[in-house]
$ cat work_36.cif   # mmCIF, C-alpha atoms and all ligand atoms
data_final
loop_
_atom_site.label_atom_id
_atom_site.label_comp_id
_atom_site.auth_asym_id
_atom_site.auth_seq_id
_atom_site.Cartn_x
_atom_site.Cartn_y
_atom_site.Cartn_z
CA MET E 1304 -18.38 -10.14 22.79
CA LYS E 1305 -16.89 -12.63 25.25
CA MET E 1306 -13.60 -11.54 26.83
CA LYS E 1307 -10.53 -13.66 26.04
CA LYS E 1308 -8.88 -15.43 28.96
CA ILE E 1309 -6.14 -13.34 30.55
CA LYS E 1310 -2.83 -15.23 30.70
CA ASN E 1311 -1.09 -13.05 33.24
CA LYS E 1312 -3.17 -11.30 35.87
CA ASN E 1313 -0.07 -9.92 37.59
CA PRO E 1314 1.90 -8.29 34.78
CA ASP E 1315 4.60 -5.78 35.61
CA LEU E 1316 2.66 -3.14 33.68
CA LEU E 1317 -1.02 -2.79 32.96
CA ILE E 1318 -1.37 -0.59 29.86
CA VAL E 1319 -4.72 0.83 28.86
CA GLY E 1320 -4.89 1.37 25.09
CA ALA E 1321 -2.96 -0.26 22.23
CA GLY E 1322 -2.28 3.03 20.46
CA PRO E 1323 1.23 4.38 19.82
CA VAL E 1324 1.79 5.25 23.49
CA GLY E 1325 0.72 1.83 24.79
CA CYS E 1326 2.79 -0.01 22.18
CA VAL E 1327 5.95 2.04 22.76
CA ILE E 1328 5.84 1.59 26.53
CA ALA E 1329 5.23 -2.16 26.22
CA GLU E 1330 8.07 -2.48 23.71
CA ARG E 1331 10.56 -0.56 25.83
CA ALA E 1332 9.53 -2.40 29.00
CA ALA E 1333 10.02 -5.77 27.29
CA LYS E 1334 13.30 -4.95 25.53
CA ALA E 1335 15.04 -2.83 28.12
CA LYS E 1336 13.85 -4.45 31.36
CA ARG E 1337 12.13 -7.74 30.41
CA TRP E 1338 9.06 -6.37 32.19
CA SER E 1339 5.82 -8.00 31.16
CA SER E 1340 2.89 -5.91 29.97
CA LEU E 1341 -0.80 -6.58 29.63
CA ILE E 1342 -2.35 -4.14 27.16
CA VAL E 1343 -6.13 -3.82 27.27
CA GLU E 1344 -7.75 -2.27 24.23
CA LYS E 1345 -11.45 -1.67 23.84
CA ARG E 1346 -11.31 -1.73 20.05
CA ASN E 1347 -10.62 -4.92 18.10
CA HIS E 1348 -7.25 -3.77 16.77
CA ILE E 1349 -3.83 -2.36 17.53
CA ALA E 1350 -2.43 1.10 16.56
CA GLY E 1351 -5.11 3.39 18.03
CA ASN E 1352 -6.17 6.11 15.65
CA CYS E 1353 -3.21 5.38 13.36
CA TYR E 1354 -4.79 2.04 12.40
CA ASP E 1355 -4.90 1.24 8.70
CA GLU E 1356 -6.32 -1.75 6.87
CA ILE E 1357 -6.60 -3.24 3.41
CA ASN E 1358 -10.04 -2.89 1.84
CA THR E 1359 -11.82 -5.27 -0.54
CA LYS E 1360 -9.97 -3.80 -3.54
CA GLY E 1361 -6.59 -4.36 -1.91
CA LEU E 1362 -6.08 -0.69 -1.09
CA ARG E 1363 -4.65 0.48 2.22
CA ILE E 1364 -6.98 2.93 3.92
CA HIS E 1365 -6.54 5.02 7.06
CA LYS E 1366 -9.65 4.15 9.01
CA TYR E 1367 -9.51 7.13 11.40
CA GLY E 1368 -8.38 9.85 9.03
CA PRO E 1369 -5.16 10.36 7.06
CA HIS E 1370 -2.02 10.04 9.14
CA TYR E 1371 0.89 12.01 7.74
CA MET E 1372 3.95 10.95 9.68
CA ARG E 1373 6.69 13.48 10.25
CA PHE E 1374 9.43 13.80 12.84
CA LYS E 1375 10.75 16.84 14.58
CA LYS E 1376 13.58 14.84 16.13
CA ARG E 1377 15.90 12.33 14.46
CA ARG E 1378 16.20 10.40 17.73
CA ILE E 1379 12.48 9.54 17.57
CA PHE E 1380 12.70 8.71 13.87
CA ASN E 1381 15.62 6.34 14.58
CA TYR E 1382 13.62 4.58 17.27
CA VAL E 1383 10.52 4.07 15.07
CA SER E 1384 12.73 2.99 12.13
CA LYS E 1385 13.50 -0.24 14.01
CA PHE E 1386 9.97 -1.42 13.24
CA THR E 1387 9.35 -0.40 9.64
CA LYS E 1388 10.83 0.49 6.28
CA TRP E 1389 9.80 3.90 4.98
CA ILE E 1390 8.61 5.52 1.81
CA LYS E 1391 8.74 9.28 1.21
CA GLY E 1392 5.90 11.34 2.66
CA ASN E 1393 5.57 14.31 0.35
CA TYR E 1394 2.10 15.32 1.46
CA ILE E 1395 0.41 17.92 -0.72
CA VAL E 1396 -2.83 19.56 0.39
CA LYS E 1397 -5.00 22.06 -1.47
CA SER E 1398 -8.03 24.08 -0.57
CA SER E 1399 -10.98 24.47 -2.92
CA VAL E 1400 -12.17 28.09 -2.90
CA ASN E 1401 -14.62 29.40 -5.50
CA GLY E 1402 -13.92 26.34 -7.65
CA GLN E 1403 -10.14 26.89 -7.71
CA LEU E 1404 -7.50 24.82 -5.91
CA TYR E 1405 -4.96 26.69 -3.75
CA PRO E 1406 -1.88 25.35 -1.94
CA ILE E 1407 -2.30 24.76 1.81
CA PRO E 1408 -0.62 25.90 4.04
CA ILE E 1409 -0.99 29.37 2.58
CA ASN E 1410 2.24 30.16 0.71
CA LEU E 1411 3.46 32.60 -1.91
CA ASN E 1412 1.72 30.63 -4.68
CA THR E 1413 -1.58 30.74 -2.77
CA LEU E 1414 -1.30 34.50 -2.31
CA GLU E 1415 -0.36 35.12 -5.96
CA LYS E 1416 -3.20 33.00 -7.29
CA PHE E 1417 -5.81 34.36 -4.89
CA PHE E 1418 -4.92 38.04 -5.24
CA LYS E 1419 -3.99 37.68 -8.94
CA LYS E 1420 -0.58 39.27 -8.32
CA LYS E 1421 3.08 38.36 -8.88
CA PHE E 1422 5.53 38.74 -6.03
CA LYS E 1423 9.23 38.85 -6.80
CA ASN E 1424 10.15 37.73 -3.31
CA LYS E 1425 8.84 37.27 0.21
CA THR E 1426 9.55 40.90 1.17
CA GLN E 1427 7.23 42.12 -1.55
CA ALA E 1428 4.52 39.64 -0.53
CA LYS E 1429 4.83 40.58 3.14
CA LYS E 1430 4.59 44.26 2.26
CA PHE E 1431 1.36 43.58 0.41
CA ILE E 1432 -0.07 41.44 3.21
CA ASN E 1433 0.85 44.16 5.72
CA THR E 1434 -1.66 46.42 3.98
CA LEU E 1435 -4.42 43.81 4.60
CA LYS E 1436 -3.63 42.84 8.16
CA ILE E 1437 -6.04 43.99 10.82
CA LYS E 1438 -4.13 45.28 13.83
CA LYS E 1439 -5.17 43.75 17.17
CA ARG E 1440 -3.96 44.97 20.55
CA LYS E 1441 -4.36 41.49 21.97
CA ILE E 1442 -4.76 38.21 20.07
CA LYS E 1443 -7.56 36.60 22.03
CA ASN E 1444 -8.73 33.86 19.68
CA SER E 1445 -8.37 32.13 16.30
CA GLU E 1446 -10.21 34.90 14.43
CA ASP E 1447 -7.91 37.61 15.83
CA TYR E 1448 -4.91 35.49 14.96
CA ILE E 1449 -5.67 35.13 11.25
CA LEU E 1450 -7.02 38.66 10.81
CA SER E 1451 -3.81 40.01 12.32
CA LYS E 1452 -1.58 37.77 10.19
CA LEU E 1453 -3.35 37.69 6.80
CA GLY E 1454 -6.32 40.05 6.79
CA LYS E 1455 -10.03 39.66 6.17
CA GLU E 1456 -10.14 38.15 2.65
CA ILE E 1457 -7.94 35.16 3.44
CA TYR E 1458 -9.67 34.72 6.78
CA GLU E 1459 -13.15 34.70 5.23
CA ASN E 1460 -12.31 32.47 2.26
CA PHE E 1461 -9.92 29.93 3.76
CA TYR E 1462 -10.29 29.83 7.53
CA LYS E 1463 -13.63 31.02 8.87
CA ASN E 1464 -16.08 28.47 7.50
CA TYR E 1465 -13.61 25.60 7.64
CA THR E 1466 -13.10 26.24 11.35
CA ILE E 1467 -16.84 26.51 11.99
CA LYS E 1468 -17.45 23.25 10.12
CA GLN E 1469 -14.54 21.44 11.74
CA TRP E 1470 -15.20 22.53 15.33
CA GLY E 1471 -18.86 23.54 15.36
CA ILE E 1472 -17.57 26.71 17.04
CA HIS E 1473 -16.89 30.18 15.67
CA PRO E 1474 -13.13 30.96 15.44
CA ARG E 1475 -13.85 33.89 17.76
CA ASN E 1476 -14.51 31.35 20.50
CA LEU E 1477 -11.50 29.15 19.89
CA ASN E 1478 -8.00 29.56 21.26
CA LYS E 1479 -5.54 31.02 18.72
CA SER E 1480 -3.51 27.78 18.87
CA VAL E 1481 -6.27 25.98 16.93
CA VAL E 1482 -5.57 27.80 13.65
CA GLY E 1483 -2.00 28.60 14.70
CA ARG E 1484 -1.03 24.95 14.17
CA LEU E 1485 -1.05 25.44 10.40
CA PRO E 1486 2.03 27.31 9.19
CA ILE E 1487 1.78 30.50 7.11
CA ARG E 1488 4.53 30.69 4.54
CA PHE E 1489 6.05 33.41 2.45
CA ASN E 1490 8.05 30.94 0.37
CA ARG E 1491 6.96 28.37 -2.23
CA ASP E 1492 7.33 25.24 -0.07
CA PRO E 1493 4.40 23.13 -1.35
CA TYR E 1494 4.39 20.50 1.39
CA TYR E 1495 1.74 20.24 4.07
CA VAL E 1496 4.15 19.92 6.99
CA ASN E 1497 7.29 21.87 7.84
CA GLN E 1498 9.40 18.94 8.99
CA LYS E 1499 12.08 17.63 6.63
CA LEU E 1500 11.70 14.11 8.00
CA LYS E 1501 8.32 13.17 6.51
CA VAL E 1502 7.81 9.49 5.79
CA MET E 1503 5.14 6.82 5.55
CA PRO E 1504 5.59 3.29 6.89
CA LYS E 1505 5.97 1.12 3.79
CA GLN E 1506 3.63 -1.63 5.04
CA GLY E 1507 1.36 0.74 6.95
CA TYR E 1508 0.93 1.76 10.58
CA THR E 1509 -0.82 -1.39 11.75
CA GLU E 1510 2.16 -3.48 10.65
CA LEU E 1511 4.55 -1.02 12.33
CA PHE E 1512 2.82 -1.34 15.71
CA LYS E 1513 2.46 -5.12 15.34
CA ASN E 1514 6.21 -5.34 14.79
CA MET E 1515 6.77 -3.15 17.83
CA THR E 1516 4.81 -5.46 20.11
CA ARG E 1517 6.09 -8.85 18.85
CA ASP E 1518 7.53 -10.09 22.14
CA ASN E 1519 6.32 -12.84 24.45
CA LYS E 1520 6.47 -10.38 27.33
CA ILE E 1521 3.56 -8.48 25.74
CA GLU E 1522 -0.03 -9.70 25.92
CA ILE E 1523 -2.80 -7.73 24.22
CA LEU E 1524 -6.44 -8.16 25.09
CA PHE E 1525 -8.73 -6.65 22.44
CA ASN E 1526 -12.42 -5.80 22.83
CA THR E 1527 -11.76 -5.13 26.51
CA SER E 1528 -12.08 -1.87 28.36
CA TYR E 1529 -10.14 -0.85 31.44
CA GLU E 1530 -13.39 -0.55 33.33
CA GLN E 1531 -14.11 -4.27 32.67
CA ILE E 1532 -10.82 -5.59 34.02
CA LYS E 1533 -9.51 -3.04 36.51
CA LYS E 1534 -10.59 -5.06 39.53
CA LYS E 1535 -9.18 -8.31 38.12
CA ILE E 1536 -5.62 -7.18 37.35
CA SER E 1537 -2.92 -6.22 39.84
CA PRO E 1538 0.12 -4.87 38.06
CA LYS E 1539 3.36 -5.33 39.99
CA ILE E 1540 4.86 -2.00 38.93
CA ALA E 1541 2.44 0.48 37.38
CA THR E 1542 -0.64 1.22 35.31
CA ILE E 1543 -0.34 3.39 32.20
CA TYR E 1544 -3.62 4.90 31.09
CA THR E 1545 -3.97 6.39 27.59
CA GLY E 1546 -7.75 6.95 27.52
CA PRO E 1547 -9.78 10.12 28.25
CA PRO E 1548 -9.35 11.46 31.81
CA ASP E 1549 -13.02 12.24 32.43
CA VAL E 1550 -13.93 8.59 31.73
CA PHE E 1551 -11.26 7.39 34.17
CA PHE E 1552 -12.65 9.57 36.95
CA ASN E 1553 -16.22 8.65 36.11
CA PHE E 1554 -16.97 12.26 35.05
CA LYS E 1555 -16.41 13.53 38.61
CA TYR E 1556 -16.10 17.16 37.47
CA GLY E 1557 -18.11 16.84 34.25
CA LYS E 1558 -17.57 15.79 30.66
CA LEU E 1559 -14.69 17.04 28.55
CA ASP E 1560 -15.82 17.99 25.04
CA TRP E 1561 -14.31 16.35 22.00
CA ARG E 1562 -14.89 16.83 18.32
CA SER E 1563 -15.60 13.63 16.47
CA LEU E 1564 -15.74 12.61 12.82
CA ASP E 1565 -17.62 10.30 10.50
CA PHE E 1566 -15.55 8.84 7.71
CA LYS E 1567 -17.26 7.79 4.48
CA PHE E 1568 -15.16 5.73 2.06
CA LYS E 1569 -15.88 5.34 -1.63
CA THR E 1570 -13.84 3.26 -4.09
CA PHE E 1571 -13.66 4.13 -7.79
CA LYS E 1572 -12.33 2.14 -10.75
CA LYS E 1573 -9.80 4.80 -11.55
CA ASN E 1574 -6.06 5.07 -11.09
CA LYS E 1575 -6.27 8.53 -9.50
CA ILE E 1576 -9.24 10.73 -8.66
CA GLN E 1577 -7.80 14.02 -7.49
CA GLU E 1578 -4.49 15.82 -7.99
CA CYS E 1579 -3.17 15.52 -4.44
CA VAL E 1580 -3.74 13.54 -1.27
CA GLN E 1581 -6.04 16.03 0.42
CA ILE E 1582 -8.46 18.68 -0.73
CA ASN E 1583 -10.11 20.93 1.87
CA PHE E 1584 -13.55 22.40 1.29
CA PRO E 1585 -13.95 25.42 3.55
CA ASN E 1586 -17.07 26.83 1.96
CA ASP E 1587 -18.85 23.98 0.16
CA HIS E 1588 -20.26 20.60 1.24
CA ARG E 1589 -20.88 19.17 4.69
CA PHE E 1590 -17.54 17.37 4.71
CA THR E 1591 -14.33 19.24 5.52
CA ARG E 1592 -11.81 17.33 3.48
CA ARG E 1593 -11.58 14.70 0.77
CA VAL E 1594 -8.61 12.40 1.01
CA GLU E 1595 -7.16 10.04 -1.60
CA ILE E 1596 -4.61 8.22 0.51
CA LYS E 1597 -3.15 6.33 -2.47
CA HIS E 1598 -1.13 9.47 -3.24
CA VAL E 1599 0.97 8.75 -0.17
CA THR E 1600 0.72 4.97 0.24
CA LYS E 1601 1.95 4.84 -3.40
CA GLN E 1602 0.10 1.58 -4.05
CA LYS E 1603 -0.29 0.48 -7.64
CA SER E 1604 -3.87 -0.38 -8.56
CA ASN E 1605 -6.57 0.38 -11.13
CA PHE E 1606 -8.79 1.36 -8.19
CA SER E 1607 -8.58 4.23 -5.76
CA THR E 1608 -10.41 5.03 -2.52
CA ILE E 1609 -11.55 8.44 -1.38
CA SER E 1610 -12.56 9.29 2.17
CA TYR E 1611 -14.83 12.15 3.16
CA GLU E 1612 -14.73 13.58 6.68
CA PHE E 1613 -17.89 14.80 8.36
CA PRO E 1614 -17.29 16.51 11.72
CA LYS E 1615 -19.77 15.88 14.53
CA SER E 1616 -20.04 16.52 18.24
CA LYS E 1617 -20.81 12.98 19.43
CA GLY E 1618 -18.84 9.80 18.83
CA ASP E 1619 -15.23 8.70 19.25
CA PRO E 1620 -13.09 11.39 20.88
CA TYR E 1621 -10.75 12.77 18.20
CA TYR E 1622 -9.95 16.42 18.83
CA PRO E 1623 -9.91 18.09 22.24
CA ILE E 1624 -11.87 21.34 22.08
CA ASN E 1625 -9.55 24.10 23.12
CA ASN E 1626 -11.83 26.65 24.73
CA LYS E 1627 -12.05 28.12 28.23
CA ARG E 1628 -14.55 25.62 29.62
CA ASN E 1629 -12.52 22.59 28.66
CA VAL E 1630 -9.15 24.06 29.53
CA ASN E 1631 -10.43 24.81 33.05
CA LEU E 1632 -12.09 21.44 33.40
CA PHE E 1633 -8.96 19.61 32.33
CA LYS E 1634 -6.92 21.57 34.89
CA LYS E 1635 -9.13 20.09 37.61
CA TYR E 1636 -8.64 16.55 36.29
CA LYS E 1637 -4.93 17.23 35.98
CA LYS E 1638 -4.69 17.69 39.74
CA LEU E 1639 -6.23 14.25 40.29
CA ILE E 1640 -3.91 12.75 37.66
CA LYS E 1641 -0.85 14.14 39.47
CA LYS E 1642 -1.99 12.60 42.75
CA LEU E 1643 -2.40 9.18 41.12
CA GLU E 1644 1.30 9.02 40.31
CA LYS E 1645 1.88 8.25 43.97
CA LYS E 1646 -0.34 5.20 43.45
CA ASN E 1647 1.73 4.21 40.40
CA ILE E 1648 -0.89 5.18 37.83
CA PHE E 1649 0.38 7.34 34.97
CA PHE E 1650 -1.54 9.13 32.23
CA GLU E 1651 0.02 9.62 28.82
CA GLY E 1652 -0.99 10.28 25.19
CA ARG E 1653 -3.29 12.39 23.15
CA LEU E 1654 -6.51 11.46 24.93
CA ALA E 1655 -5.05 11.28 28.42
CA SER E 1656 -3.36 14.68 28.21
CA TYR E 1657 -6.33 16.27 26.41
CA ARG E 1658 -3.98 17.80 23.85
CA TYR E 1659 -3.66 17.71 20.10
CA LEU E 1660 -0.43 15.75 19.70
CA ASN E 1661 1.08 14.23 16.59
CA MET E 1662 2.43 10.71 16.41
CA ASP E 1663 6.08 11.69 16.85
CA GLU E 1664 5.14 13.80 19.87
CA VAL E 1665 3.25 11.01 21.65
CA ILE E 1666 6.00 8.53 20.84
CA GLU E 1667 8.52 10.89 22.41
CA ALA E 1668 6.25 11.36 25.44
CA ALA E 1669 5.95 7.57 25.80
CA LEU E 1670 9.73 7.11 25.62
CA ASN E 1671 10.14 9.79 28.30
CA LEU E 1672 7.54 8.16 30.51
CA PHE E 1673 9.27 4.81 30.17
CA LYS E 1674 12.55 6.42 31.22
CA LYS E 1675 10.83 7.84 34.28
CA LEU E 1676 9.38 4.41 35.16
CA LYS E 1677 12.74 2.74 34.64
CA ASN E 1678 14.49 5.19 36.94
CA LYS E 1679 11.78 5.00 39.57
CA TYR E 1680 11.30 1.26 39.70
CA SER E 1681 14.70 -0.27 38.82
C1 LIG L 1 -8.44 12.45 12.40
C2 LIG L 1 -7.04 12.39 12.92
C3 LIG L 1 -5.99 12.65 12.07
C4 LIG L 1 -4.67 12.62 12.55
N1 LIG L 1 -3.65 12.88 11.69
C5 LIG L 1 -2.38 12.83 12.13
C6 LIG L 1 -1.30 13.09 11.24
O1 LIG L 1 -1.50 13.37 10.06
N2 LIG L 1 -0.04 13.03 11.73
C7 LIG L 1 0.24 12.75 13.04
O2 LIG L 1 1.41 12.69 13.43
N3 LIG L 1 -0.78 12.51 13.90
C8 LIG L 1 -2.07 12.53 13.48
N4 LIG L 1 -3.09 12.28 14.35
C9 LIG L 1 -2.76 12.04 15.76
C10 LIG L 1 -2.48 10.58 16.09
O3 LIG L 1 -3.60 9.81 15.80
C11 LIG L 1 -2.13 10.53 17.58
O4 LIG L 1 -0.99 11.31 17.86
C12 LIG L 1 -1.90 9.14 18.12
O5 LIG L 1 -2.82 8.21 17.65
C13 LIG L 1 -1.95 9.21 19.64
O6 LIG L 1 -1.60 7.99 20.19
P1 LIG L 1 -2.17 7.57 21.62
O7 LIG L 1 -1.59 6.25 21.93
O8 LIG L 1 -1.96 8.69 22.57
O9 LIG L 1 -3.76 7.52 21.44
P2 LIG L 1 -4.72 6.72 20.45
O10 LIG L 1 -4.11 6.46 19.13
O11 LIG L 1 -6.01 7.43 20.51
O12 LIG L 1 -4.85 5.31 21.18
C14 LIG L 1 -5.50 5.19 22.42
C15 LIG L 1 -6.14 3.81 22.46
O13 LIG L 1 -6.68 3.61 23.76
C16 LIG L 1 -7.92 2.94 23.64
N5 LIG L 1 -8.69 3.22 24.86
C17 LIG L 1 -9.11 4.44 25.28
N6 LIG L 1 -9.77 4.32 26.44
C18 LIG L 1 -9.76 3.01 26.75
C19 LIG L 1 -10.28 2.24 27.85
N7 LIG L 1 -10.95 2.83 28.85
N8 LIG L 1 -10.10 0.90 27.85
C20 LIG L 1 -9.44 0.29 26.83
N9 LIG L 1 -8.92 0.96 25.77
C21 LIG L 1 -9.08 2.30 25.74
C22 LIG L 1 -8.53 3.52 22.38
O14 LIG L 1 -9.49 2.63 21.83
C23 LIG L 1 -7.31 3.68 21.49
O15 LIG L 1 -7.10 2.57 20.64
C24 LIG L 1 -4.42 12.33 13.91
C25 LIG L 1 -5.49 12.06 14.76
C26 LIG L 1 -6.79 12.11 14.28
C27 LIG L 1 -7.92 11.84 15.23
#

$ encode --input "work_36.cif" --output "structure tokens" --more "lines below"
Ligand SMILES: Cc1cc2nc3c(=O)[nH]c(=O)nc-3n(C[C@H](O)[C@H](O)[C@H](O)COP(=O)(O)OP(=O)(O)OC[C@H]3O[C@@H](n4cnc5c(N)ncnc54)[C@H](O)[C@@H]3O)c2cc1C
Amino acid sequence: MKMKKIKNKNPDLLIVGAGPVGCVIAERAAKAKRWSSLIVEKRNHIAGNCYDEINTKGLRIHKYGPHYMRFKKRRIFNYVSKFTKWIKGNYIVKSSVNGQLYPIPINLNTLEKFFKKKFKNKTQAKKFINTLKIKKRKIKNSEDYILSKLGKEIYENFYKNYTIKQWGIHPRNLNKSVVGRLPIRFNRDPYYVNQKLKVMPKQGYTELFKNMTRDNKIEILFNTSYEQIKKKISPKIATIYTGPPDVFFNFKYGKLDWRSLDFKFKTFKKNKIQECVQINFPNDHRFTRRVEIKHVTKQKSNFSTISYEFPKSKGDPYYPINNKRNVNLFKKYKKLIKKLEKKNIFFEGRLASYRYLNMDEVIEAALNLFKKLKNKYS
């Protein structure tokens, strides 16, 4: 595709990637300092992996997987609220094990249903689970972590095969933080995430990030990669890079591994297809989860769309693979990244920091980076 003409070849900021990080920095730069930004984005749309669109049946779909927005900090929520109205985000997820649906994250209801027991309170449930836990002197990986917290039966039925399918790696070879991200509860909280502030943008994420970047100080060039334009643009202040580090350094130390996904969408002439937004399939099928996003977009329609997620090792970089090889490799790139700050090139975001970060976390990181730029270059 032919590249669009660039209006401003000397913007204050050159921003690589029109995902949440790129949009937040451009917005802050324009509003707080009247700095101009040129955002280059290799895809044909804004919003990065949060992008959503309306399909032929008028239904909003999350093209790169379901995005459940939640905020740890009210300050970040207040900032994002300037660009969207919200609807409630009461995300419910279940896991299908032996043909039965169980609440996820594991909670008291999951334990009662799975072990066919009644627990009067969390103390009683914990006492029971203590009898199943496998003691480990050192928690070295994801397998150790779950065995030591919940025992073998829960590990084998809910975690083991899901992790293998999702990562293509045995939990024994994955850092404990991979499974540790999902809470384990001894109460009856049915919601997928712990945060109280869980909301969905009423008109979707794409609209949110479009609103954020509506300023004549911001120019966005789609279908354009950094590599194509880097020699043509001279930013006056700084470059912000939100892509993968190994690509930036032309794989100098080798390739960082990522897990990717294929999404298959199917629309049915039915109001609702499943009982909650997400059903995980640890032990059956090639896909990991089946998502009916209408449960959280709350659209009214006689149709509904389901997406199926098939993990794969090649393709768009979605999840950094947290094992020794990659952690060590990233450390080497990190040293180069640090040095580039002296040349006014900054890395930020989920790809650039090779970390699994949620939307609120990258938005916070982007706000912090902008503060740093403002202090340094004002
Ligand atoms: C499957 C999946 C599910 C998720 N679910 C949730 C969720 O439920 N809740 C939640 O809070 N978060 C979720 N996330 C995380 C969320 O997507 C990220 O936190 C967020 O998108 C990160 O923003 P970013 O700007 O750092 O990166 P991205 O959104 O990845 O945006 C980076 C952009 O940079 C572009 N780019 C990269 N390299 C170049 C280059 N060389 N030249 C030009 N452009 C380039 C990319 O095309 C991309 O558009 C999920 C992520 C995935 C993959």

$ residues_near_ligand --input "work_36.cif" --ligand "ligand LIG 1 (chain L)" --cutoff "6 Å" --atoms "all atoms listed in the file" --output "count of residues only"
34

$ closest_atom_pairs --input "work_36.cif" --of "stretch 1573-1617 of chain E" --to "stretch 1403-1420 of chain E" --cutoff "10 Å" --atoms "only C-alpha atoms" --output "Markdown table"
| residue | atom | partner | partner_atom | distance |
| --- | --- | --- | --- | --- |
| E:Glu1578 | CA | E:Leu1404 | CA | 9.7 |
| E:Gln1581 | CA | E:Ile1407 | CA | 9.6 |
| E:Ile1582 | CA | E:Leu1404 | CA | 8.1 |
| E:Asn1583 | CA | E:Ile1407 | CA | 8.7 |
| E:Phe1584 | CA | E:Leu1404 | CA | 9.7 |

$ residues_around --input "work_36.cif" --residues "E:Phe1431" --least-positions-apart "5" --cutoff "10 Å" --atoms "all atoms listed in the file" --output "list in words"
Leu1414, Lys1420, Phe1422, Lys1425, Thr1426, Lys1436 and Leu1453 of chain E

$ atom_distance --input "work_36.cif" --atom1 "atom CA of E:His1588" --atom2 "atom CA of E:Glu1456"
20.3 Å

$ closest_residue --input "work_36.cif" --among "E:Phe1386, E:Phe1525, E:Tyr1462, E:Phe1566" --to "E:Arg1475" --atoms "all atoms listed in the file"
E:Tyr1462

$ closest_residue --input "work_36.cif" --among "E:Glu1595, E:Glu1330, E:Glu1612, E:Glu1522" --to "E:Thr1570" --atoms "all atoms listed in the file"
E:Glu1595

$ decode --input "work_36.cif" --residues "stretch 1346-1361 of chain E" --atoms "N, CA and C atoms" --output "mmCIF file, in the first residue's frame"
data_model
loop_
_atom_site.group_PDB
_atom_site.id
_atom_site.type_symbol
_atom_site.label_atom_id
_atom_site.label_comp_id
_atom_site.auth_asym_id
_atom_site.auth_seq_id
_atom_site.Cartn_x
_atom_site.Cartn_y
_atom_site.Cartn_z
ATOM 1 N N ARG E 1346 -0.360 -1.000 11.423
ATOM 2 C CA ARG E 1346 -1.696 -1.523 11.094
ATOM 3 C C ARG E 1346 -2.519 -0.398 10.448
ATOM 4 N N ASN E 1347 -3.758 -0.744 10.049
ATOM 5 C CA ASN E 1347 -4.579 0.280 9.397
ATOM 6 C C ASN E 1347 -5.574 0.917 10.366
ATOM 7 N N HIS E 1348 -5.286 0.816 11.670
ATOM 8 C CA HIS E 1348 -6.237 1.366 12.643
ATOM 9 C C HIS E 1348 -5.561 1.808 13.929
ATOM 10 N N ILE E 1349 -6.320 2.569 14.695
ATOM 11 C CA ILE E 1349 -5.874 3.072 15.994
ATOM 12 C C ILE E 1349 -6.179 2.020 17.073
ATOM 13 N N ALA E 1350 -5.708 2.238 18.291
ATOM 14 C CA ALA E 1350 -6.098 1.477 19.500
ATOM 15 C C ALA E 1350 -5.292 0.207 19.767
ATOM 16 N N GLY E 1351 -4.316 -0.101 18.921
ATOM 17 C CA GLY E 1351 -3.474 -1.284 19.178
ATOM 18 C C GLY E 1351 -4.317 -2.529 19.354
ATOM 19 N N ASN E 1352 -3.955 -3.337 20.321
ATOM 20 C CA ASN E 1352 -4.673 -4.594 20.521
ATOM 21 C C ASN E 1352 -6.049 -4.397 21.164
ATOM 22 N N CYS E 1353 -6.345 -3.187 21.581
ATOM 23 C CA CYS E 1353 -7.670 -2.929 22.188
ATOM 24 C C CYS E 1353 -8.717 -2.645 21.103
ATOM 25 N N TYR E 1354 -8.285 -2.582 19.877
ATOM 26 C CA TYR E 1354 -9.173 -2.221 18.756
ATOM 27 C C TYR E 1354 -10.439 -3.071 18.729
ATOM 28 N N ASP E 1355 -11.572 -2.392 18.556
ATOM 29 C CA ASP E 1355 -12.830 -3.117 18.314
ATOM 30 C C ASP E 1355 -13.502 -2.530 17.087
ATOM 31 N N GLU E 1356 -14.390 -3.304 16.495
ATOM 32 C CA GLU E 1356 -15.078 -2.833 15.288
ATOM 33 C C GLU E 1356 -16.477 -3.428 15.244
ATOM 34 N N ILE E 1357 -17.296 -2.845 14.364
ATOM 35 C CA ILE E 1357 -18.674 -3.318 14.222
ATOM 36 C C ILE E 1357 -18.725 -4.285 13.043
ATOM 37 N N ASN E 1358 -19.261 -5.471 13.262
ATOM 38 C CA ASN E 1358 -19.279 -6.450 12.160
ATOM 39 C C ASN E 1358 -20.542 -6.289 11.297
ATOM 40 N N THR E 1359 -20.696 -7.176 10.319
ATOM 41 C CA THR E 1359 -21.789 -6.996 9.344
ATOM 42 C C THR E 1359 -23.176 -7.087 9.990
ATOM 43 N N LYS E 1360 -23.267 -7.673 11.165
ATOM 44 C CA LYS E 1360 -24.569 -7.752 11.845
ATOM 45 C C LYS E 1360 -24.734 -6.624 12.860
ATOM 46 N N GLY E 1361 -23.835 -5.655 12.820
ATOM 47 C CA GLY E 1361 -23.958 -4.505 13.721
ATOM 48 C C GLY E 1361 -23.446 -4.773 15.129
#
